[in-house]
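S.K.: File model-v2.cif follows (mmCIF, C-alpha atoms and all ligand atoms):
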```cif
data_target
#
loop_
_atom_site.label_atom_id
_atom_site.label_comp_id
_atom_site.auth_asym_id
_atom_site.auth_seq_id
_atom_site.Cartn_x
_atom_site.Cartn_y
_atom_site.Cartn_z
CA MET D 133 122.51 17.94 200.74
CA THR D 134 123.27 16.88 197.17
CA THR D 135 125.66 19.04 195.19
CA PRO D 136 125.65 19.50 191.40
CA GLN D 137 129.17 18.01 191.42
CA GLU D 138 127.87 14.80 193.06
CA ILE D 139 125.03 14.55 190.57
CA ILE D 140 127.34 14.98 187.57
CA GLU D 141 130.01 12.63 189.00
CA ASN D 142 127.40 9.94 189.71
CA ILE D 143 125.94 9.91 186.23
CA SER D 144 128.10 7.32 184.56
CA GLU D 145 126.37 7.47 181.17
CA LEU D 146 126.70 11.26 180.87
CA PRO D 147 128.18 12.15 177.47
CA THR D 148 131.88 12.88 177.70
CA LEU D 149 133.44 15.46 175.45
CA PRO D 150 134.80 13.55 172.42
CA ASP D 151 138.57 13.75 171.94
CA VAL D 152 138.20 15.82 168.78
CA VAL D 153 136.08 18.50 170.48
CA ALA D 154 138.35 18.51 173.56
CA LYS D 155 141.41 18.90 171.32
CA VAL D 156 139.84 21.80 169.38
CA ASN D 157 138.97 23.46 172.68
CA GLN D 158 142.58 22.99 173.85
CA LEU D 159 144.00 24.44 170.62
CA VAL D 160 141.71 27.48 170.79
CA ASN D 161 142.92 28.11 174.33
CA SER D 162 146.59 27.83 173.37
CA ALA D 163 148.41 30.87 172.07
CA SER D 164 150.57 28.96 169.58
CA ALA D 165 147.89 27.04 167.61
CA SER D 166 147.36 27.79 163.91
CA ALA D 167 144.34 27.43 161.62
CA GLY D 168 146.16 24.45 160.08
CA ASP D 169 146.40 22.73 163.50
CA ILE D 170 142.64 23.07 163.99
CA ASN D 171 142.05 21.81 160.44
CA ASP D 172 144.21 18.72 161.14
CA VAL D 173 142.09 17.81 164.16
CA ILE D 174 138.60 18.50 162.75
CA SER D 175 139.30 17.02 159.31
CA ARG D 176 140.01 13.62 160.84
CA ASP D 177 136.35 13.43 161.84
CA ILE D 178 134.41 13.39 158.58
CA ALA D 179 130.94 13.73 160.14
CA LEU D 180 132.06 16.68 162.25
CA SER D 181 133.85 18.48 159.39
CA THR D 182 130.76 18.06 157.22
CA LYS D 183 128.55 19.59 159.91
CA VAL D 184 130.92 22.49 160.55
CA LEU D 185 131.15 23.27 156.81
CA LYS D 186 127.36 23.02 156.50
CA MET D 187 126.95 25.57 159.30
CA VAL D 188 129.66 27.87 157.91
CA ASN D 189 128.03 27.84 154.46
CA SER D 190 124.51 28.45 155.78
CA SER D 191 122.56 31.65 155.21
CA PHE D 192 123.19 32.43 158.90
CA TYR D 193 126.72 33.54 158.02
CA GLY D 194 125.84 34.58 154.47
CA PHE D 195 129.30 34.41 152.88
CA PRO D 196 129.16 35.16 149.14
CA ARG D 197 131.47 32.28 148.18
CA ARG D 198 131.40 28.66 149.28
CA ILE D 199 133.87 27.72 152.02
CA THR D 200 135.25 24.27 151.29
CA SER D 201 137.96 23.71 153.90
CA ILE D 202 138.12 23.89 157.65
CA THR D 203 141.32 25.97 157.41
CA HIS D 204 139.45 28.56 155.36
CA ALA D 205 136.55 28.47 157.85
CA VAL D 206 138.97 29.07 160.74
CA VAL D 207 140.63 31.97 158.94
CA ILE D 208 137.31 33.62 158.10
CA LEU D 209 135.33 32.92 161.25
CA GLY D 210 138.11 32.87 163.85
CA PHE D 211 139.19 30.19 166.33
CA ASN D 212 136.47 30.88 168.83
CA THR D 213 133.58 30.56 166.39
CA VAL D 214 134.89 27.30 164.97
CA ARG D 215 135.28 25.93 168.52
CA ASN D 216 131.71 27.02 169.24
CA LEU D 217 130.36 25.40 166.07
CA THR D 218 132.19 22.17 166.90
CA LEU D 219 130.79 22.17 170.40
CA SER D 220 127.27 23.00 169.17
CA ALA D 221 127.36 20.09 166.72
CA PHE D 222 128.39 17.75 169.56
CA VAL D 223 125.88 19.04 172.14
CA PHE D 224 122.95 18.71 169.74
CA LYS D 225 124.02 15.19 168.83
CA ALA D 226 124.72 14.15 172.43
CA PHE D 227 121.38 15.28 173.81
CA ASN D 228 119.22 15.01 170.74
CA ASP D 229 118.12 11.44 171.36
CA SER D 230 116.97 12.14 174.88
CA LYS D 231 113.82 10.04 175.26
CA ARG D 232 112.85 11.32 178.65
CA LEU D 233 112.67 15.02 177.95
CA GLU D 234 109.54 16.20 179.70
CA PHE D 235 109.09 19.13 177.37
CA ASP D 236 109.19 19.57 173.60
CA GLN D 237 112.78 18.96 172.54
CA LYS D 238 112.70 20.93 169.32
CA GLN D 239 111.10 23.92 171.07
CA PHE D 240 113.76 23.67 173.78
CA TRP D 241 116.63 23.90 171.27
CA ILE D 242 114.92 26.73 169.39
CA HIS D 243 114.75 28.61 172.72
CA SER D 244 118.47 27.89 173.21
CA ILE D 245 119.55 28.90 169.68
CA ALA D 246 117.41 32.05 169.85
CA ALA D 247 118.98 32.97 173.21
CA GLY D 248 122.46 32.49 171.71
CA ILE D 249 121.67 34.69 168.71
CA THR D 250 120.02 37.37 170.87
CA ALA D 251 122.89 37.38 173.37
CA SER D 252 125.39 37.80 170.55
CA ASN D 253 123.36 40.72 169.11
CA ILE D 254 123.11 42.46 172.48
CA ALA D 255 126.86 42.00 173.09
CA HIS D 256 127.51 43.60 169.71
CA GLY D 257 124.96 46.36 170.37
CA VAL D 258 126.53 47.39 173.67
CA GLY D 259 129.99 47.55 172.10
CA LEU D 260 131.63 44.40 173.49
CA SER D 261 134.52 42.68 171.66
CA GLN D 262 134.20 40.00 168.97
CA LYS D 263 135.40 37.39 171.50
CA GLU D 264 132.73 38.47 174.00
CA LYS D 265 130.12 38.38 171.25
CA GLU D 266 131.09 34.78 170.46
CA ASP D 267 131.13 33.80 174.14
CA ALA D 268 127.67 35.36 174.49
CA PHE D 269 126.43 33.15 171.64
CA MET D 270 127.84 30.04 173.27
CA ALA D 271 126.56 30.89 176.75
CA GLY D 272 123.11 31.75 175.36
CA LEU D 273 123.02 28.50 173.41
CA LEU D 274 123.96 26.42 176.45
CA HIS D 275 122.35 28.43 179.26
CA ASP D 276 119.65 25.82 179.98
CA VAL D 277 121.60 22.65 179.07
CA GLY D 278 121.32 21.58 182.74
CA LYS D 279 117.57 21.02 182.17
CA VAL D 280 118.29 18.34 179.56
CA VAL D 281 120.70 16.62 181.96
CA MET D 282 118.06 16.71 184.69
CA CYS D 283 115.27 15.31 182.46
CA GLU D 284 117.50 12.53 181.24
CA TYR D 285 119.24 11.50 184.44
CA ILE D 286 117.17 12.62 187.44
CA SER D 287 113.81 12.27 185.79
CA ASP D 288 111.70 11.64 188.95
CA SER D 289 112.71 14.94 190.59
CA THR D 290 112.39 16.76 187.28
CA LYS D 291 108.85 15.42 186.75
CA LYS D 292 107.87 16.91 190.13
CA ILE D 293 109.41 20.24 189.16
CA ILE D 294 107.49 20.29 185.89
CA GLU D 295 104.26 19.43 187.74
CA GLU D 296 104.83 22.43 190.03
CA VAL D 297 105.64 24.66 187.04
CA LYS D 298 102.38 23.64 185.37
CA ALA D 299 100.27 23.87 188.53
CA THR D 300 101.49 27.28 189.67
CA ASP D 301 102.79 28.86 186.44
CA CYS D 302 106.10 29.56 188.13
CA LEU D 303 109.56 29.56 186.57
CA PHE D 304 111.38 26.21 186.27
CA TYR D 305 114.11 27.84 188.34
CA GLU D 306 111.69 28.78 191.16
CA ALA D 307 110.27 25.24 191.36
CA GLU D 308 113.81 23.82 191.46
CA LYS D 309 114.67 26.04 194.39
CA ASN D 310 111.56 24.78 196.23
CA GLN D 311 112.32 21.14 195.61
CA LEU D 312 116.07 20.61 195.23
CA ASP D 313 119.43 21.69 196.63
CA PHE D 314 120.58 22.78 193.17
CA THR D 315 119.26 24.23 189.91
CA HIS D 316 119.63 23.58 186.17
CA ALA D 317 122.03 26.54 186.15
CA SER D 318 124.48 24.87 188.54
CA ILE D 319 124.05 21.45 186.88
CA GLY D 320 124.76 22.95 183.43
CA ALA D 321 127.77 24.88 184.75
CA THR D 322 129.19 21.76 186.42
CA LEU D 323 128.84 19.74 183.20
CA LEU D 324 130.57 22.42 181.13
CA GLU D 325 133.32 22.73 183.73
CA LYS D 326 133.85 18.97 183.49
CA TRP D 327 134.16 19.43 179.72
CA ASN D 328 136.85 22.08 180.36
CA LEU D 329 134.96 24.93 178.77
CA PRO D 330 136.37 28.39 179.54
CA ILE D 331 135.49 29.45 183.07
CA SER D 332 134.09 32.72 181.70
CA ILE D 333 131.34 30.74 179.93
CA VAL D 334 130.81 28.35 182.87
CA SER D 335 130.16 31.23 185.28
CA LEU D 336 127.65 32.82 182.88
CA ILE D 337 125.65 29.58 182.79
CA ASN D 338 125.84 29.32 186.58
CA ASN D 339 124.55 32.84 187.17
CA HIS D 340 122.07 33.39 184.34
CA HIS D 341 119.07 33.64 186.71
CA HIS D 342 120.61 36.17 189.13
CA PRO D 343 122.79 38.47 187.01
CA MET D 344 122.60 41.46 189.32
CA SER D 345 124.18 39.63 192.27
CA VAL D 346 127.40 38.64 190.50
CA GLU D 347 130.65 40.57 190.86
CA GLU D 348 132.69 39.40 187.87
CA ASN D 349 131.60 39.53 184.26
CA LYS D 350 128.36 41.24 185.29
CA LYS D 351 127.68 42.83 181.92
CA MET D 352 127.91 39.51 180.08
CA CYS D 353 125.75 37.84 182.71
CA CYS D 354 123.11 40.57 182.27
CA ILE D 355 123.21 39.92 178.52
CA ILE D 356 122.49 36.18 178.92
CA SER D 357 119.68 36.88 181.39
CA LEU D 358 118.14 39.54 179.13
CA SER D 359 118.36 37.33 176.03
CA ASP D 360 116.51 34.54 177.89
CA ILE D 361 113.76 37.00 178.84
CA LEU D 362 113.49 38.48 175.33
CA VAL D 363 113.23 35.15 173.52
CA ARG D 364 110.54 34.08 176.01
CA SER D 365 108.57 37.22 175.24
CA LEU D 366 108.99 36.62 171.48
CA CYS D 367 107.77 33.00 171.94
CA LEU D 368 110.85 31.72 170.12
CA GLY D 369 110.84 28.10 171.25
CA ASN D 370 110.20 27.07 174.82
CA GLY D 371 112.67 26.44 177.65
CA GLY D 372 110.32 24.31 179.76
CA ASP D 373 108.10 26.94 181.39
CA GLU D 374 105.74 29.60 180.10
CA LYS D 375 106.45 32.50 182.43
CA ILE D 376 108.21 35.66 181.25
CA PRO D 377 110.32 37.03 184.11
CA VAL D 378 110.52 40.78 184.63
CA ILE D 379 113.83 42.38 183.70
CA PRO D 380 115.77 42.70 186.98
CA ASP D 381 116.08 46.21 188.45
CA GLY D 382 119.26 47.92 187.30
CA LEU D 383 119.93 45.50 184.41
CA LEU D 384 119.24 48.03 181.64
CA ASP D 385 121.42 50.62 183.43
CA GLU D 386 124.22 48.06 183.74
CA LEU D 387 124.13 47.63 179.95
CA ALA D 388 123.50 51.35 179.36
CA ILE D 389 120.51 50.60 177.11
CA GLY D 390 116.85 51.68 176.97
CA TRP D 391 113.55 50.33 175.65
CA GLY D 392 114.32 51.55 172.11
CA ASP D 393 117.40 49.31 172.09
CA ILE D 394 115.36 46.39 173.42
CA ASN D 395 112.90 46.74 170.54
CA GLY D 396 115.81 46.77 168.10
CA PHE D 397 117.31 43.59 169.64
CA MET D 398 113.93 41.87 169.45
CA ASP D 399 113.44 42.74 165.76
CA ALA D 400 116.97 41.55 164.95
CA SER D 401 116.38 38.27 166.82
CA LEU D 402 113.18 37.50 164.97
CA HIS D 403 114.95 38.08 161.66
CA GLU D 404 118.10 36.12 162.53
CA VAL D 405 116.43 33.15 164.17
CA LYS D 406 114.61 32.59 160.89
CA LYS D 407 117.98 32.56 159.11
CA ALA D 408 119.41 30.05 161.61
CA SER D 409 117.49 27.21 159.97
CA VAL D 410 120.67 25.16 159.60
CA PHE D 411 121.02 24.90 163.38
CA ILE D 412 117.36 24.02 163.69
CA GLU D 413 117.61 21.46 160.87
CA MET D 414 120.27 19.63 162.84
CA LEU D 415 117.70 18.95 165.54
CA THR D 416 115.23 17.10 163.39
FE FE J 1 117.57 29.02 182.84
FE FE J 2 116.13 29.81 179.16
#
```
Rewrite the structure of this file - the entire thing - as structure tokens.

M.R.:
Amino acid sequence: MTTPQEIIENISELPTLPDVVAKVNQLVNSASASAGDINDVISRDIALSTKVLKMVNSSFYGFPRRITSITHAVVILGFNTVRNLTLSAFVFKAFNDSKRLEFDQKQFWIHSIAAGITASNIAHGVGLSQKEKEDAFMAGLLHDVGKVVMCEYISDSTKKIIEEVKATDCLFYEAEKNQLDFTHASIGATLLEKWNLPISIVSLINNHHHPMSVEENKKMCCIISLSDILVRSLCLGNGGDEKIPVIPDGLLDELAIGWGDINGFMDASLHEVKKASVFIEMLT
């Protein structure tokens, strides 16, 4: 039986988290770091600072005045958001040149960005904290990152999975369970764990296809699962399969929401994904 850990450990060319991103992650996790400390680290990498400032100044955030320094960005957006922007810039770059992706790469990232935005909106809508809202964005953005790893590094098995998905119109996840000892959820979680991402985000990635069977962080897990389902039904991008799963029994009760709220989240997503053009631009 092959474990996700063995797969990740055996892939020698797998992108490693660059020092600058690892350092920002470390600073965000430490209680004593200041906005100036984060500025010192990010500013040393010109390409990264440019990307972060481009994202901060995009219509997605809609600040009235131009933000010209990383320190200012950290003060306005908070540590967590700047860490998430840094990580997003790296993940897009690291996996953007994947030649072996068996499905449309741009559509895949639009699915991911839309899931991040939707998850963040739902977290806000159900009254979770700013930190949880930001974690929801990150977990939504990265929920399917394991699929990119699989296409790139275990392409023969992944081709078979995609053939089954196409032949039977099943979920990618269902075909994986038929053919492998692991899924894109566990591969993605293992990669992010190796990159030292907060365990709260890692566990959301790991459990995004079975939110009702988790004990810890259930609400957040339900949010990631629901955002994946909603962006599928809105046809915002494509995560590698066409099927729209039904919302698991009990999920709406867990979040204390109804169908009126769902419609509101869907409208907001359509509107905001259009505004997120800066993220989408980075993919092309
Ligand atoms: Fe998934
Ligand atoms: Fe997905």

S.K.: Please check which protein, DNA or RNA residues sit within 7 Å of ligand FE 2 (chain J), counting all atoms listed in the file, and write them as a list of chain:residue names.

M.R.: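 Counting only what the definition allows, namely all atoms listed in the file, the set is D:His243, D:Ser244, D:His275, D:Asp276, D:Asp360, D:Gly371.
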
S.K.: Please identify the residues whose atoms come within 7 Å of ligand FE 1 (chain J), using all atoms listed in the file, and report them as a list in words.

M.R.: His275, Asp276, Tyr305, His316, Ala317, His340 and His341 of chain D

S.K.: Taking (129.8, 17.4, 166.2) as a centre in this file's frame and 12 Å as the limit, can you find every polymer residue with an atom that close, using all atoms listed in the file, and give them as a count of residues only?

M.R.: 37

S.K.: Here is a test: counting only C-alpha atoms, which residue of D:Met344, D:Val188, D:Ile242, D:Ile389 is nearest to D:Ser357?

M.R.: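 The shortest atom-to-atom distance to D:Ser357 comes from D:Met344.
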
S.K.: Using all atoms listed in the file, which residue out of D:Lys238, D:Arg176, D:Lys279, D:Lys292 lies closest to D:Ile319?

M.R.: D:Lys279

S.K.: Using Å and a single decimal, report how far atom CA of D:Asp267 sits from atom CA of D:Thr322.

M.R.: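 According to the coordinates, atom CA of D:Thr322 and atom CA of D:Asp267 are separated by 17.3 Å.
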
S.K.: Under the rule that only C-alpha atoms are counted, which of D:Asp236, D:Arg198, D:Pro330, D:Ser252 is the nearest residue to D:Cys283?

M.R.: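 So, comparing all the options, the nearest one is D:Asp236.
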
S.K.: Smallest atom-to-atom distance to D:Leu260: which of D:Leu324, D:Ile170, D:Met352, D:Phe304, using all atoms listed in the file?

M.R.: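 Looking at the shortest contact to D:Leu260, the residue is D:Met352.
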
S.K.: If you measure from atom CA of D:Gly259 to atom CA of D:Phe195, what distance in Å do you get, rounded to one decimal?

M.R.: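 Going from atom CA of D:Gly259 over to atom CA of D:Phe195 covers 23.3 Å.
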
S.K.: With all atoms listed in the file as the basis for distance, which of D:Met398, D:Ile202, D:Ile379, D:Ile337 is at the shortest distance from D:Gly278?

M.R.: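 Using all atoms listed in the file, D:Gly278 sits closest to D:Ile337.
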
S.K.: Select, counting all atoms listed in the file, all protein, DNA and RNA residues no farther than 12 Å from (145.8, 23.5, 160.3) in file coordinates, and express the selection as JSON, numbers by chain.

M.R.: {"D": [156, 159, 160, 164, 165, 166, 167, 168, 169, 170, 171, 172, 173, 174, 175, 176, 201, 202, 203, 204, 205, 206, 207, 211]}

S.K.: I'd like the contact shell of D:Asp373 - 9 Å cut-off, only C-alpha atoms, skipping same-chain residues fewer than 2 positions apart - returned as a list in words.

M.R.: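 Skipping anything fewer than 2 positions along the chain leaves Phe235, Ile294, Val297, Lys298, Asp301, Cys302, Leu303, Phe304, Asn370, Gly371, Lys375 and Ile376 of chain D.
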
S.K.: Record the distance separating atom CA of D:Thr135 and atom CA of D:Met282, expressed in Å with one decimal.

M.R.: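 For atom CA of D:Thr135 relative to atom CA of D:Met282, the distance reads 13.2 Å.
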
S.K.: Compare D:Cys367, D:Leu323, D:Ile143, D:Ile356 by their minimum atom-to-atom distance to D:Ile249, counting all atoms listed in the file, and give me the closest one.

M.R.: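 The shortest atom-to-atom distance to D:Ile249 comes from D:Ile356.
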
S.K.: Which residues are close to D:Ala321, i.e. within 7 Å by all atoms listed in the file, leaving aside same-chain residues fewer than 5 positions away? Reply as a list in words.

M.R.: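 Listed by chain and then number, they are Val334, Ser335, Ile337 and Asn338 of chain D.
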
S.K.: Residues near stretch 306-309 of chain D, anyone? I mean within 7 Å using all atoms listed in the file, not counting same-chain ones fewer than 5 positions away, as a PyMOL selection string.

M.R.: chain D and resi 293+296-297+314-315

S.K.: Give me, as a list in words, all polymer residues having an atom no more than 7 Å from D:Cys353, counting all atoms listed in the file and skipping those fewer than 2 positions away in the same chain.

M.R.: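 Answer for this query is Leu336, Asn339, His340, Pro343, Asn349, Lys350, Lys351, Ile355, Ile356 and Ser357 of chain D.
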
S.K.: Generate a file of the selected residues that holds C-alpha atoms, formatted as an mmCIF file, in the frame of the given file.

M.R.:
```
data_model
loop_
_atom_site.group_PDB
_atom_site.id
_atom_site.type_symbol
_atom_site.label_atom_id
_atom_site.label_comp_id
_atom_site.auth_asym_id
_atom_site.auth_seq_id
_atom_site.Cartn_x
_atom_site.Cartn_y
_atom_site.Cartn_z
ATOM 1 C CA LEU D 336 127.650 32.820 182.880
ATOM 2 C CA ASN D 339 124.550 32.840 187.170
ATOM 3 C CA HIS D 340 122.070 33.390 184.340
ATOM 4 C CA PRO D 343 122.790 38.470 187.010
ATOM 5 C CA ASN D 349 131.600 39.530 184.260
ATOM 6 C CA LYS D 350 128.360 41.240 185.290
ATOM 7 C CA LYS D 351 127.680 42.830 181.920
ATOM 8 C CA ILE D 355 123.210 39.920 178.520
ATOM 9 C CA ILE D 356 122.490 36.180 178.920
ATOM 10 C CA SER D 357 119.680 36.880 181.390
#
```

S.K.: Skip D:Ser401 itself and residues of its chain fewer than 2 positions away, then list as a ChimeraX atom specification all residues within 12 Å of it, counting all atoms listed in the file.

M.R.: /D:192,242-243,245-254,359-360,362-368,394-399,403-408
